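Below: the structure, in structure tokens.
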Amino acid sequence: MKKLLIIDASSMLVSHFMATLPMEYMKAKDEEEKKKYLYKIMQTKSGIYTNGVFSMLKAILYLLKNQKPDYICACFDKGRKNTFRKKMYDDYKAQRKETDPILSSQFKLIQDILDQIGIKIFMNEEYEADDFAGSIAEKFKNEVDVYLWSRDQDYLQLVDKNVYLWRQMSKNTLEDALNSTYRNDFRTDEIKNVPINVFQYDVGYVKQLTGVYPEQIVDLKAIVGDTSDNIPGVKGVSDKTAIPLLQKYGTVENIYEAIEMNDEKTLSNEWKEELGIKRNPIKSFEKNKDICYLSKKLATIYKEIPIDETLDDLSTNINDFLLTDIIDEYEFNSLNNLL
């Protein structure tokens, strides 16, 4: 089956930007101290910062050369203030700091470059990158194998029969994942076909590493919350309680139905004996029911954005002439060996 590569471009640019910052800049105590080390950040002779763009473009060209996807596109966030989740819950992602100006300047640059070389971009103010990725995957998953390239765990919920997550990981996190799966399962062909520093999730590996199936990831987040997105969850209930409950009941709705249909003491004893849940979470669930359902809505990737493009519109057809000009313009000389 042919291969569609969907890039979570906002996430990946942030990841490549952070990975290529000088240590002195990272450890600086304030903005004044950061200024002392600006010269160490990769930039053109004219002063355009390019560290994140260079690193991400290098990774994309590497994927194109070695993975040879038949189709490709990139999905971006376009701000946080006007998304449907922000309108639903004003504290959504409210804890996040302002984006580093050096990083902000590189979003427009990478978007321009991807557009110029022939990679279709999806973004608008209402939906986030993962909503576009989910909608694109949903539209084409029965026609091609879909590979989602991201560092974001939210994408686990999109994994399906023909949909795989190429999750970019740090060395230590990747090593832990490999020790828990591949080395026990030893699917050597899959290991060979996975990009560097990436773990390939299929449905089985999502279940093996998280304890729940992909479609239950949103229920897990509804209960335990997500600090990175400021999703509250059920206060006082951890994954050690949530996972066995979801393994038994499937969804938060079914958990609440069990709570409503049974005597608290009887149900608590049943959970203790059957699931090993020692601390009774029933009152926490009852107190936070509305928050739990809201958290599930916030955590759920929207997969129904109308996508007018066909697969042919996403065909991998990189404009090498423009790419060569871009490499020269931004002094990315070391990328020439990936052409």
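Simple scheme: letters A, B, ... for chains in structure tokens order, numbers from 1 for residues in each chain, numbers from 1 for ligands in the order shown.
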
Which residues are near Gln247 in chain A? Cut-off 8 Å, only C-alpha atoms, ignore same chain within fewer than 4 positions. Put them as a ChimeraX atom specification.
/A:211-212,243

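For the residues A:Phe140, A:Asp263, A:Lys221, A:Glu253, ranking by smallest atom-to-atom distance to Asp308 in chain A using only C-alpha atoms places A:Phe140 first.
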
Based on the backbone DSSP call, show me all residues of range 96-162 of chain A assigned strand (DSSP E), as a PyMOL selection string.
chain A and resi 120-122+145-150

Straight-line distance linking CA of Ser295 in chain A with CA of Val146 in chain A, stated in Å to one decimal
27.2 Å

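For the residues A:Leu4, A:Val194, A:Ala9, A:Ile41, ranking by smallest atom-to-atom distance to Cys75 in chain A using only C-alpha atoms places A:Ala9 first.
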
Residues within 7 Å of range 113-120 of chain A, only C-alpha atoms, excluding chain neighbours under 6 positions, as number ranges by chain:
A: 72-74, 314, 317-319, 322-323

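Closest approach to Tyr62 in chain A among A:Met12, A:Ser284, A:Thr241, A:Ile196: A:Ile196, based on only C-alpha atoms.
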
Quick one: contact table of range 168-263 of chain A to range 79-97 of chain A, 8 Å max, nearest atom pair and distance in Å to one decimal per residue, counting only C-alpha atoms, chain and number order, as a Markdown table?
| residue | atom | partner | partner_atom | distance |
| --- | --- | --- | --- | --- |
| A:Ser228 | CA | A:Lys93 | CA | 7.2 |
| A:Asp229 | CA | A:Lys93 | CA | 4.6 |
| A:Asn230 | CA | A:Lys93 | CA | 5.1 |
| A:Ile231 | CA | A:Tyr92 | CA | 6.5 |

Skip Glu304 in chain A itself and residues of its chain fewer than 5 positions away, then list as a PDB file with C-alpha atoms, in the first residue's frame all residues within 12 Å of it, counting only C-alpha atoms.
ATOM      1  CA  TYR A 127      -8.442  24.184  14.594  1.00  0.00           C
ATOM      2  CA  ASP A 130      -3.618  17.695  15.278  1.00  0.00           C
ATOM      3  CA  ASP A 131      -7.217  18.325  14.173  1.00  0.00           C
ATOM      4  CA  PHE A 132      -6.062  18.745  10.583  1.00  0.00           C
ATOM      5  CA  ALA A 133      -3.809  15.696  10.887  1.00  0.00           C
ATOM      6  CA  GLY A 134      -6.694  13.658  12.287  1.00  0.00           C
ATOM      7  CA  SER A 135      -9.094  14.802   9.569  1.00  0.00           C
ATOM      8  CA  ILE A 136      -6.595  14.073   6.780  1.00  0.00           C
ATOM      9  CA  ALA A 137      -5.790  10.650   8.242  1.00  0.00           C
ATOM     10  CA  GLU A 138      -9.488   9.870   8.600  1.00  0.00           C
ATOM     11  CA  LYS A 139     -10.176  10.791   4.964  1.00  0.00           C
TER      12      LYS A 139
END
